[in-house]
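Raw entry_25.txt, compact mmCIF, C-alpha atoms:
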# COMPACT_ATOMS: atom_id res chain seq x y z
CA MET A 1 110.21 125.69 158.15
CA PRO A 2 107.18 127.86 159.00
CA PRO A 3 104.69 126.33 161.47
CA LEU A 4 101.84 124.50 159.71
CA PRO A 5 98.52 126.32 159.89
CA ALA A 6 95.83 124.64 162.01
CA THR A 7 93.24 125.51 159.40
CA SER A 8 93.82 126.01 155.70
CA LEU A 9 94.51 129.54 154.53
CA TYR A 10 93.32 128.49 151.11
CA SER A 11 90.42 126.41 149.88
CA LEU A 12 91.13 123.13 148.10
CA GLU A 13 87.74 123.35 146.35
CA LEU A 14 88.68 126.74 144.94
CA LEU A 15 91.98 125.33 143.68
CA ASP A 16 90.02 122.53 142.04
CA THR A 17 87.69 125.06 140.41
CA LEU A 18 90.70 127.03 139.12
CA LEU A 19 92.16 123.85 137.65
CA GLN A 20 88.92 122.99 135.87
CA LYS A 21 88.68 126.53 134.53
CA LYS A 22 92.27 126.37 133.20
CA GLN A 23 91.59 122.98 131.60
CA ALA A 24 88.49 124.34 129.86
CA GLU A 25 90.43 127.41 128.64
CA PHE A 26 93.25 125.21 127.35
CA ALA A 27 90.84 122.94 125.47
CA VAL A 28 89.25 125.95 123.77
CA THR A 29 92.54 127.69 122.92
CA PHE A 30 94.31 124.57 121.69
CA PRO A 31 91.77 122.17 120.23
CA GLU A 32 93.29 118.83 119.33
CA LYS A 33 94.64 118.92 115.81
CA PRO A 34 95.64 115.92 113.73
CA VAL A 35 99.36 115.33 113.98
CA THR A 36 101.58 114.67 110.98
CA GLN A 37 100.10 111.69 109.26
CA GLN A 38 102.32 108.67 109.36
CA ILE A 39 102.38 106.00 106.74
CA ASN A 40 100.21 103.11 107.78
CA ASN A 41 101.30 99.63 107.05
CA PRO A 42 98.95 98.86 104.21
CA GLN A 43 96.61 95.98 104.65
CA PRO A 44 97.70 93.44 102.07
CA THR A 45 95.34 93.77 99.11
CA PRO A 46 94.20 90.41 97.72
CA GLU A 47 96.08 89.48 94.54
CA PRO A 48 93.05 89.50 92.17
CA GLU A 49 92.08 92.98 93.46
CA ARG A 50 95.65 94.25 92.96
CA ASP A 51 95.64 92.91 89.40
CA GLU A 52 92.37 94.69 88.76
CA ILE A 53 93.65 98.05 90.11
CA PHE A 54 96.85 97.84 88.08
CA ALA A 55 94.90 96.84 84.96
CA LYS A 56 92.73 99.94 85.36
CA LEU A 57 95.79 102.14 85.87
CA GLU A 58 97.50 100.56 82.83
CA THR A 59 94.48 101.30 80.65
CA ALA A 60 94.21 104.88 81.89
CA ALA A 61 97.98 105.53 81.54
CA SER A 62 98.36 104.04 78.07
CA SER A 63 95.28 105.73 76.62
CA LEU A 64 96.15 109.10 78.25
CA SER A 65 92.46 109.24 79.11
CA GLN A 66 90.70 111.80 81.25
CA LEU A 67 88.66 109.74 83.72
CA SER A 68 85.41 111.05 85.14
CA GLU A 69 85.61 112.65 88.60
CA LYS A 70 83.93 109.66 90.21
CA GLU A 71 86.12 107.06 88.50
CA LEU A 72 89.25 109.01 89.39
CA LEU A 73 88.20 109.34 93.03
CA TYR A 74 87.56 105.61 93.25
CA LEU A 75 90.91 104.83 91.65
CA GLU A 76 92.73 107.25 94.02
CA GLN A 77 91.14 105.48 96.97
CA GLN A 78 92.23 102.09 95.71
CA VAL A 79 95.79 103.30 95.09
CA SER A 80 95.88 104.90 98.57
CA ASP A 81 94.84 101.59 100.13
CA LEU A 82 97.47 99.80 98.13
CA LEU A 83 100.28 102.16 99.19
CA GLY A 84 99.25 102.78 102.82
CA PHE A 85 99.11 106.58 102.49
CA GLU A 86 96.80 109.03 100.81
CA VAL A 87 97.33 110.07 97.21
CA THR A 88 95.09 112.39 95.25
CA SER A 89 94.83 113.87 91.78
CA SER A 90 93.77 117.27 93.13
CA LEU A 91 95.17 118.95 96.23
CA ASP A 92 93.65 122.19 97.62
CA ASP A 93 91.70 122.42 94.34
CA GLN A 94 94.94 122.49 92.35
CA ARG A 95 95.74 119.91 89.72
CA LEU A 96 98.51 118.95 87.37
CA THR A 97 97.81 119.29 83.68
CA HIS A 98 97.46 115.50 83.49
CA THR A 99 97.18 112.61 85.90
CA PHE A 100 97.98 109.98 83.28
CA GLY A 101 100.58 110.57 80.62
CA LYS A 102 103.90 109.88 79.01
CA ILE A 103 107.09 110.84 80.81
CA GLN A 104 110.07 112.23 78.95
CA ALA A 105 113.59 111.41 80.09
CA LEU A 106 115.12 114.82 80.74
CA ALA A 107 118.68 115.83 81.39
CA GLU A 108 119.76 116.15 85.04
CA PHE A 109 118.26 119.19 86.75
CA VAL A 110 120.78 121.79 87.89
CA LEU A 111 119.91 122.36 91.54
CA GLN A 112 122.78 124.60 92.60
CA PRO A 113 124.42 127.48 90.70
CA HIS A 114 127.79 125.77 90.36
CA GLN A 115 126.65 122.19 90.00
CA ASN A 116 128.47 120.13 87.38
CA THR A 117 128.89 116.49 86.50
CA VAL A 118 132.00 116.27 88.67
CA SER A 119 130.06 117.35 91.79
CA THR A 120 127.15 115.09 90.81
CA PRO A 121 128.64 111.64 90.42
CA ALA A 122 125.14 110.11 90.28
CA VAL A 123 124.73 111.46 86.75
CA ARG A 124 125.85 108.54 84.68
CA GLY A 125 125.34 108.74 80.96
CA ALA A 126 123.06 111.75 81.37
CA ASN A 127 123.59 115.35 80.44
CA MET A 128 122.98 118.33 82.65
CA GLN A 129 120.48 121.02 81.81
CA ALA A 130 121.98 124.30 80.73
CA THR A 131 119.75 126.41 82.97
CA ARG A 132 118.25 126.20 86.42
CA PRO A 133 114.86 124.49 86.89
CA THR A 134 111.98 126.90 86.24
CA LEU A 135 110.76 126.58 89.82
CA GLY A 136 114.11 127.71 91.19
CA TRP A 137 117.18 126.38 92.94
CA ALA A 138 117.05 123.55 95.45
CA LYS A 139 115.88 124.10 99.03
CA LYS A 140 119.19 122.89 100.44
CA PRO A 141 122.55 121.96 98.97
CA PRO A 142 122.33 118.33 97.86
CA GLU A 143 124.59 115.91 99.64
CA ASN A 144 127.23 114.10 97.67
CA GLY A 145 125.81 111.13 95.85
CA GLU A 146 122.24 112.05 96.81
CA LYS A 147 119.70 111.03 94.19
CA HIS A 148 117.44 113.63 92.64
CA PHE A 149 113.89 112.46 92.10
CA LEU A 150 112.55 115.47 90.21
CA LEU A 151 109.63 115.88 87.90
CA ALA A 152 108.49 118.49 85.38
CA ASN A 153 104.94 119.15 84.27
CA HIS A 154 103.97 121.76 81.69
CA LEU A 155 101.87 123.89 84.05
CA LEU A 156 101.71 126.66 81.44
CA LEU A 157 98.84 124.63 80.01
CA LEU A 158 96.72 125.26 83.11
CA GLU A 159 93.70 127.36 82.21
CA ASP A 160 94.41 130.26 84.57
CA TRP A 161 98.20 130.06 84.70
CA HIS A 162 98.59 133.46 83.06
CA LEU A 163 96.39 135.03 85.76
CA LYS A 164 97.86 133.34 88.82
CA TYR A 165 101.36 132.30 87.82
CA ALA A 166 103.03 134.00 90.80
CA HIS A 167 100.77 132.19 93.25
CA TYR A 168 101.04 128.92 91.33
CA LYS A 169 104.83 129.02 91.23
CA ASN A 170 104.90 129.17 95.03
CA TRP A 171 102.23 126.54 95.45
CA TYR A 172 103.63 123.97 93.02
CA LYS A 173 107.29 124.42 93.94
CA TRP A 174 108.73 121.20 95.42
CA ARG A 175 105.31 119.57 95.81
CA LYS A 176 105.63 115.90 96.57
CA LEU A 177 104.18 113.65 93.89
CA LEU A 178 103.90 109.96 93.30
CA VAL A 179 104.96 108.56 89.94
CA LEU A 180 103.39 105.16 89.46
CA ASN A 181 104.39 102.79 86.72
CA PRO A 182 101.51 100.31 86.76
CA PHE A 183 103.07 98.05 84.11
CA ASN A 184 106.09 97.17 86.24
CA ARG A 185 104.28 97.96 89.53
CA VAL A 186 106.85 100.51 90.67
CA ALA A 187 106.11 103.70 92.64
CA VAL A 188 108.56 106.58 93.10
CA ILE A 189 108.08 109.62 95.34
CA VAL A 190 109.29 112.69 93.47
CA GLU A 191 109.29 116.48 93.80
CA LEU A 192 108.03 118.96 91.25
CA ALA A 193 110.98 121.08 90.11
CA SER A 194 109.99 122.57 86.79
CA PHE A 195 106.85 123.89 85.11
CA THR A 196 108.06 123.65 81.54
CA LEU A 197 108.74 120.75 79.23
CA PRO A 198 110.78 120.88 76.05
CA ASN A 199 108.12 118.94 74.16
CA PRO A 200 104.75 119.41 75.91
CA MET A 201 102.63 118.20 73.00
CA GLN A 202 104.26 114.79 72.94
CA TYR A 203 104.95 114.29 76.64
CA GLN A 204 102.91 115.21 79.71
CA PHE A 205 105.69 114.82 82.28
CA GLY A 206 109.46 115.02 82.38
CA GLY A 207 111.65 113.14 84.82
CA SER A 208 115.24 113.49 86.00
CA PRO A 209 117.49 110.52 85.16
CA ASP A 210 117.05 109.08 88.67
CA VAL A 211 113.24 109.09 88.31
CA ILE A 212 113.37 107.42 84.90
CA ARG A 213 115.74 104.73 86.20
CA ALA A 214 113.92 104.10 89.49
CA SER A 215 110.42 104.04 88.01
CA GLN A 216 111.44 101.84 85.06
CA ALA A 217 109.18 104.18 83.09
CA TRP A 218 110.83 103.34 79.80
CA SER A 219 110.71 99.57 80.19
CA PRO A 220 109.40 97.69 77.12
CA GLU A 221 106.02 97.22 78.86
CA ALA A 222 105.53 100.78 80.13
CA GLN A 223 106.85 102.71 77.11
CA GLY A 224 106.88 105.90 79.20
CA HIS A 225 103.26 105.67 80.38
CA VAL A 226 102.85 106.61 84.04
CA CYS A 227 100.26 107.90 86.54
CA VAL A 228 101.12 110.91 88.70
CA PHE A 229 99.31 111.78 91.94
CA PHE A 230 99.78 114.43 94.63
CA ILE A 231 100.90 113.38 98.11
CA PRO A 232 99.42 115.62 100.86
CA GLU A 233 101.96 117.76 102.76
CA GLU A 234 101.30 116.18 106.15
CA ILE A 235 102.48 112.76 105.02
CA ALA A 236 106.04 112.30 106.18
CA ILE A 237 107.68 110.52 103.26
CA LYS A 238 110.99 111.11 101.54
CA PRO A 239 111.57 111.13 97.79
CA GLY A 240 112.68 107.78 96.45
CA LEU A 241 111.46 104.37 95.51
CA HIS A 242 108.39 103.16 97.41
CA LYS A 243 107.70 99.48 97.68
CA ILE A 244 104.23 98.31 96.66
CA MET B 1 109.31 110.08 142.77
CA ASN B 2 109.70 111.11 139.12
CA THR B 3 110.23 114.80 138.50
CA LEU B 4 107.81 116.27 135.99
CA TRP B 5 109.42 117.93 132.95
CA PHE B 6 108.27 121.46 133.79
CA GLU B 7 109.01 121.36 137.56
CA GLN B 8 112.63 122.45 137.19
CA TYR B 9 111.49 125.69 135.54
CA ALA B 10 109.11 126.76 138.36
CA SER B 11 110.35 128.48 141.49
CA ASP B 12 110.37 126.05 144.45
CA SER B 13 109.91 128.77 147.04
CA LEU B 14 106.84 130.22 145.29
CA PHE B 15 105.37 126.75 144.82
CA ASN B 16 105.92 125.85 148.48
CA SER B 17 104.45 129.15 149.67
CA VAL B 18 101.12 128.15 148.07
CA VAL B 19 101.19 124.53 149.23
CA ASP B 20 102.09 125.58 152.79
CA GLY B 21 98.82 127.53 152.92
CA PHE B 22 96.90 124.24 153.09
CA VAL B 23 96.58 122.00 156.13
CA GLU B 24 98.90 118.99 156.08
CA VAL B 25 96.26 116.47 155.00
CA GLN B 26 95.40 118.60 151.99
CA GLN B 27 98.93 119.40 150.91
CA VAL B 28 99.48 116.39 148.62
CA ALA B 29 96.19 117.00 146.81
CA ALA B 30 96.90 120.74 146.60
CA SER B 31 100.39 120.23 145.15
CA GLN B 32 98.98 117.80 142.55
CA LYS B 33 96.33 120.29 141.46
CA LEU B 34 98.85 123.12 141.35
CA LEU B 35 101.20 120.97 139.24
CA ALA B 36 98.33 120.24 136.86
CA ILE B 37 97.70 123.99 136.49
CA LEU B 38 101.41 124.60 135.88
CA GLU B 39 101.55 121.84 133.28
CA LEU B 40 98.72 123.49 131.34
CA ALA B 41 100.47 126.87 131.55
CA ALA B 42 103.78 125.38 130.35
CA LYS B 43 102.11 123.52 127.46
CA ALA B 44 100.20 126.64 126.43
CA LEU B 45 103.36 128.73 126.31
CA LEU B 46 105.40 126.18 124.35
CA ILE B 47 102.62 125.66 121.80
CA GLU B 48 102.17 129.44 121.43
CA GLU B 49 105.89 129.88 120.83
CA THR B 50 105.96 127.20 118.11
CA GLU B 51 105.33 127.89 114.44
CA GLU B 52 101.77 127.02 113.51
CA ALA B 53 102.76 124.23 111.14
CA TYR B 54 104.47 122.32 113.97
CA GLN B 55 102.05 123.10 116.81
CA ALA B 56 100.19 119.80 116.50
CA ASP B 57 103.46 117.86 116.70
CA VAL B 58 104.62 119.82 119.77
CA ALA B 59 101.23 119.34 121.44
CA GLN B 60 101.51 115.61 120.76
CA LEU B 61 105.03 115.50 122.23
CA LEU B 62 103.97 117.42 125.36
CA SER B 63 100.92 115.20 125.88
CA THR B 64 102.40 111.78 125.23
CA GLY B 65 106.18 112.16 125.38
CA SER B 66 108.20 111.00 128.38
CA ALA B 67 109.91 113.58 130.63
CA GLU B 68 113.23 112.59 129.04
CA GLU B 69 111.96 113.11 125.48
CA ILE B 70 110.46 116.50 126.34
CA ASN B 71 113.64 117.61 128.13
CA ASP B 72 115.75 116.53 125.13
CA TRP B 73 113.52 118.68 122.93
CA LEU B 74 113.51 121.60 125.38
CA VAL B 75 117.30 121.85 125.63
CA ASN B 76 117.39 122.52 121.89
CA GLN B 77 114.97 125.41 122.15
CA PRO B 78 116.19 129.02 122.20
CA LEU B 79 117.07 130.49 125.60
CA SER B 80 114.36 133.14 125.20
CA ILE B 81 111.70 130.40 125.21
CA ILE B 82 113.12 128.83 128.37
CA ASN B 83 113.16 132.26 130.06
CA SER B 84 109.55 132.86 128.99
CA LEU B 85 108.62 129.44 130.34
CA LYS B 86 110.14 130.22 133.76
CA GLU B 87 108.41 133.58 133.84
CA ARG B 88 105.05 132.12 132.80
CA LEU B 89 105.21 129.40 135.48
CA ASP B 90 106.12 131.86 138.25
CA ARG B 91 103.40 134.25 137.12
CA THR B 92 100.85 131.40 137.11
CA ILE B 93 101.75 130.46 140.70
CA LEU B 94 101.38 134.08 141.79
CA GLN B 95 98.01 134.39 140.01
CA VAL B 96 96.70 131.19 141.64
CA GLN B 97 97.93 132.38 145.04
CA ALA B 98 96.25 135.76 144.55
CA GLN B 99 92.95 134.12 143.58
CA LEU B 100 93.11 131.73 146.55
CA ALA B 101 93.99 134.56 148.94
CA ALA B 102 91.23 136.85 147.58
CA LYS B 103 88.62 134.16 148.12
CA GLY B 104 90.03 133.37 151.59
CA SER B 105 89.92 137.02 152.68
CA SER B 106 86.35 137.46 151.41
CA VAL B 107 85.29 134.42 153.46
CA ILE B 108 86.95 135.93 156.54
CA LEU B 109 85.26 139.29 155.87
CA GLN B 110 81.85 137.64 155.47
CA SER B 111 82.24 135.62 158.69
CA THR B 112 83.05 138.71 160.77

Is it possible to express this structure as structure tokens?
Amino acid sequence: MPPLPATSLYSLELLDTLLQKKQAEFAVTFPEKPVTQQINNPQPTPEPERDEIFAKLETAASSLSQLSEKELLYLEQQVSDLLGFEVTSSLDDQRLTHTFGKIQALAEFVLQPHQNTVSTPAVRGANMQATRPTLGWAKKPPENGEKHFLLANHLLLLEDWHLKYAHYKNWYKWRKLLVLNPFNRVAVIVELASFTLPNPMQYQFGGSPDVIRASQAWSPEAQGHVCVFFIPEEIAIKPGLHKI
Amino acid sequence: MNTLWFEQYASDSLFNSVVDGFVEVQQVAASQKLLAILELAAKALLIEETEEAYQADVAQLLSTGSAEEINDWLVNQPLSIINSLKERLDRTILQVQAQLAAKGSSVILQST
């Protein structure tokens, strides 16, 4: 071991100054960013308030109405509070053609080139579509028995679709959405898989068999009427049934 | 004493050569300050090397995660990142030493 110096070769104050300088540089280069938003445990909403929110959603869904910006914003906020995570009808200034509408029960989406009913045992009593979804194949091969919560919206009806379809296809592909059936009080997290519907004048949305079953969208009360909201990217939530 | 997560990637001999430049009573404080500088350098490199979409999550892990959690994450990173981390830490020690030495020599020059 080298002999210890009687006096310091280096200055502790200077080292302290260097540290402060590095800390300041670090704070400027890497300002604190919000981390992936987690789902908060929602504060229980009082029963009369819940009834009121669902009544509003039922009215909007069954009348296929276009609410005013302010009313919609207020409703989104109430639904977000109810669920414990943010939902919105417009994300990055992009919207679906409708927020409230009727959902059509579609045949199972074909997510992989060689998918068939044998490799998809979850398809019970449902047919498979003849072609791939219009937004493309799945991100990853689906696991055996995995449920497919997929939604279609006729985005061709968007005003500027014909101008920006290439950009829109990328933006809308596999966006996470919330399908809410206010009549049976069921919420399902789904992904947008297709931008065409076989019957866009009669239906505003189309759902894969798993979505239709899970959301109870075609129960006698709901009659296919649902509300659909965007879920922001940073919210870590998997497709499937969400308890409310 | 618990080992900090980035210590194993810095060269012990370089680190000691800086700390040994301080008198004994100052050595603990000096090594703490030097470790703080190295921690900032290590964090900066790992955040830079991460894809932008995940930078906030990595920054959160490096700030609040335990040494064990960070090491578990680090062992799954590509070898090139680990090599860059070692290089960055050693270069930081050398830079600090050079700055300390430059200041020390100017003080000696002024006093003569």

Which of these residues is nearest to chain A, using only C-alpha atoms: B:Leu46, B:Val58, B:Val25, B:Ile37?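 Distance minimum relative to chain A lands on B:Ile37.
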
Output as an mmCIF file with C-alpha atoms, in the coordinates of the input the set of chain B residues within 8 Å of chain A, with distances taken over only C-alpha atoms.
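That gives us selection02.cif:
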data_model
loop_
_atom_site.group_PDB
_atom_site.id
_atom_site.type_symbol
_atom_site.label_atom_id
_atom_site.label_comp_id
_atom_site.auth_asym_id
_atom_site.auth_seq_id
_atom_site.Cartn_x
_atom_site.Cartn_y
_atom_site.Cartn_z
ATOM 1 C CA ASP B 20 102.090 125.580 152.790
ATOM 2 C CA GLY B 21 98.820 127.530 152.920
ATOM 3 C CA PHE B 22 96.900 124.240 153.090
ATOM 4 C CA VAL B 23 96.580 122.000 156.130
ATOM 5 C CA GLU B 24 98.900 118.990 156.080
ATOM 6 C CA GLN B 26 95.400 118.600 151.990
ATOM 7 C CA ALA B 30 96.900 120.740 146.600
ATOM 8 C CA LYS B 33 96.330 120.290 141.460
ATOM 9 C CA LEU B 34 98.850 123.120 141.350
ATOM 10 C CA ALA B 36 98.330 120.240 136.860
ATOM 11 C CA ILE B 37 97.700 123.990 136.490
ATOM 12 C CA LEU B 40 98.720 123.490 131.340
ATOM 13 C CA ALA B 44 100.200 126.640 126.430
ATOM 14 C CA ALA B 56 100.190 119.800 116.500
ATOM 15 C CA ASP B 57 103.460 117.860 116.700
ATOM 16 C CA GLN B 60 101.510 115.610 120.760
ATOM 17 C CA VAL B 96 96.700 131.190 141.640
ATOM 18 C CA LEU B 100 93.110 131.730 146.550
ATOM 19 C CA ALA B 101 93.990 134.560 148.940
ATOM 20 C CA LYS B 103 88.620 134.160 148.120
ATOM 21 C CA GLY B 104 90.030 133.370 151.590
#

For a test of reading the model, state the distance in Å between atom CA of A:Asn181 and atom CA of A:Gln94, rounded to one decimal.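 Going from atom CA of A:Asn181 over to atom CA of A:Gln94 covers 22.6 Å.
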
Find the residues around B:Ser66 up to 12 Å (all atoms listed in the file counted), leave out those fewer than 3 positions away in its own chain, and share them as a list in words.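 Near B:Ser66, the qualifying residues are Asn2, Thr3, Leu4, Trp5, Phe6, Gln60, Leu61, Leu62, Ser63, Glu69, Ile70, Asn71, Asp72 and Trp73 of chain B.
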
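Closest approach to A:Leu96 among A:Trp161, A:Phe149, A:Trp137, A:Tyr74 is made by A:Trp161 (distances from all atoms listed in the file).
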
Atom CA of B:Ala42 to atom CA of B:Val18, straight-line distance in Å: 18.1 Å

Distance in Å - atom CA of A:Tyr172 versus atom CA of A:Met201: 20.9 Å

Tell me, as a list of chain:residue names, which residues lie within 10 Å of B:Tyr9, counting all atoms listed in the file; anything in the same chain fewer than 4 positions away does not count. B:Trp5, B:Ala42, B:Ile82, B:Asn83, B:Ser84, B:Leu85, B:Lys86, B:Glu87, B:Arg88, B:Leu89, B:Asp90

Within 10 Å of (104.0, 131.8, 144.4), in the coordinates the file gives, what residues turn up when you count only C-alpha atoms, written out as number ranges by chain? B: 10-19, 89-98

For the selection you just gave me, I'd like the residues written to a file as a PDB file, in the coordinates of the input, keeping C-alpha atoms.
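Written file, part-v9.pdb:
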ATOM      1  CA  ALA B  10     109.110 126.760 138.360  1.00  0.00           C
ATOM      2  CA  SER B  11     110.350 128.480 141.490  1.00  0.00           C
ATOM      3  CA  ASP B  12     110.370 126.050 144.450  1.00  0.00           C
ATOM      4  CA  SER B  13     109.910 128.770 147.040  1.00  0.00           C
ATOM      5  CA  LEU B  14     106.840 130.220 145.290  1.00  0.00           C
ATOM      6  CA  PHE B  15     105.370 126.750 144.820  1.00  0.00           C
ATOM      7  CA  ASN B  16     105.920 125.850 148.480  1.00  0.00           C
ATOM      8  CA  SER B  17     104.450 129.150 149.670  1.00  0.00           C
ATOM      9  CA  VAL B  18     101.120 128.150 148.070  1.00  0.00           C
ATOM     10  CA  VAL B  19     101.190 124.530 149.230  1.00  0.00           C
ATOM     11  CA  LEU B  89     105.210 129.400 135.480  1.00  0.00           C
ATOM     12  CA  ASP B  90     106.120 131.860 138.250  1.00  0.00           C
ATOM     13  CA  ARG B  91     103.400 134.250 137.120  1.00  0.00           C
ATOM     14  CA  THR B  92     100.850 131.400 137.110  1.00  0.00           C
ATOM     15  CA  ILE B  93     101.750 130.460 140.700  1.00  0.00           C
ATOM     16  CA  LEU B  94     101.380 134.080 141.790  1.00  0.00           C
ATOM     17  CA  GLN B  95      98.010 134.390 140.010  1.00  0.00           C
ATOM     18  CA  VAL B  96      96.700 131.190 141.640  1.00  0.00           C
ATOM     19  CA  GLN B  97      97.930 132.380 145.040  1.00  0.00           C
ATOM     20  CA  ALA B  98      96.250 135.760 144.550  1.00  0.00           C
TER      21      ALA B  98
END

A:Thr99 surroundings by all atoms listed in the file, 7 Å radius, close-in-sequence under 2 positions cut, as an NGL selection string: :A and (89 or 96 or 101 or 227-229)
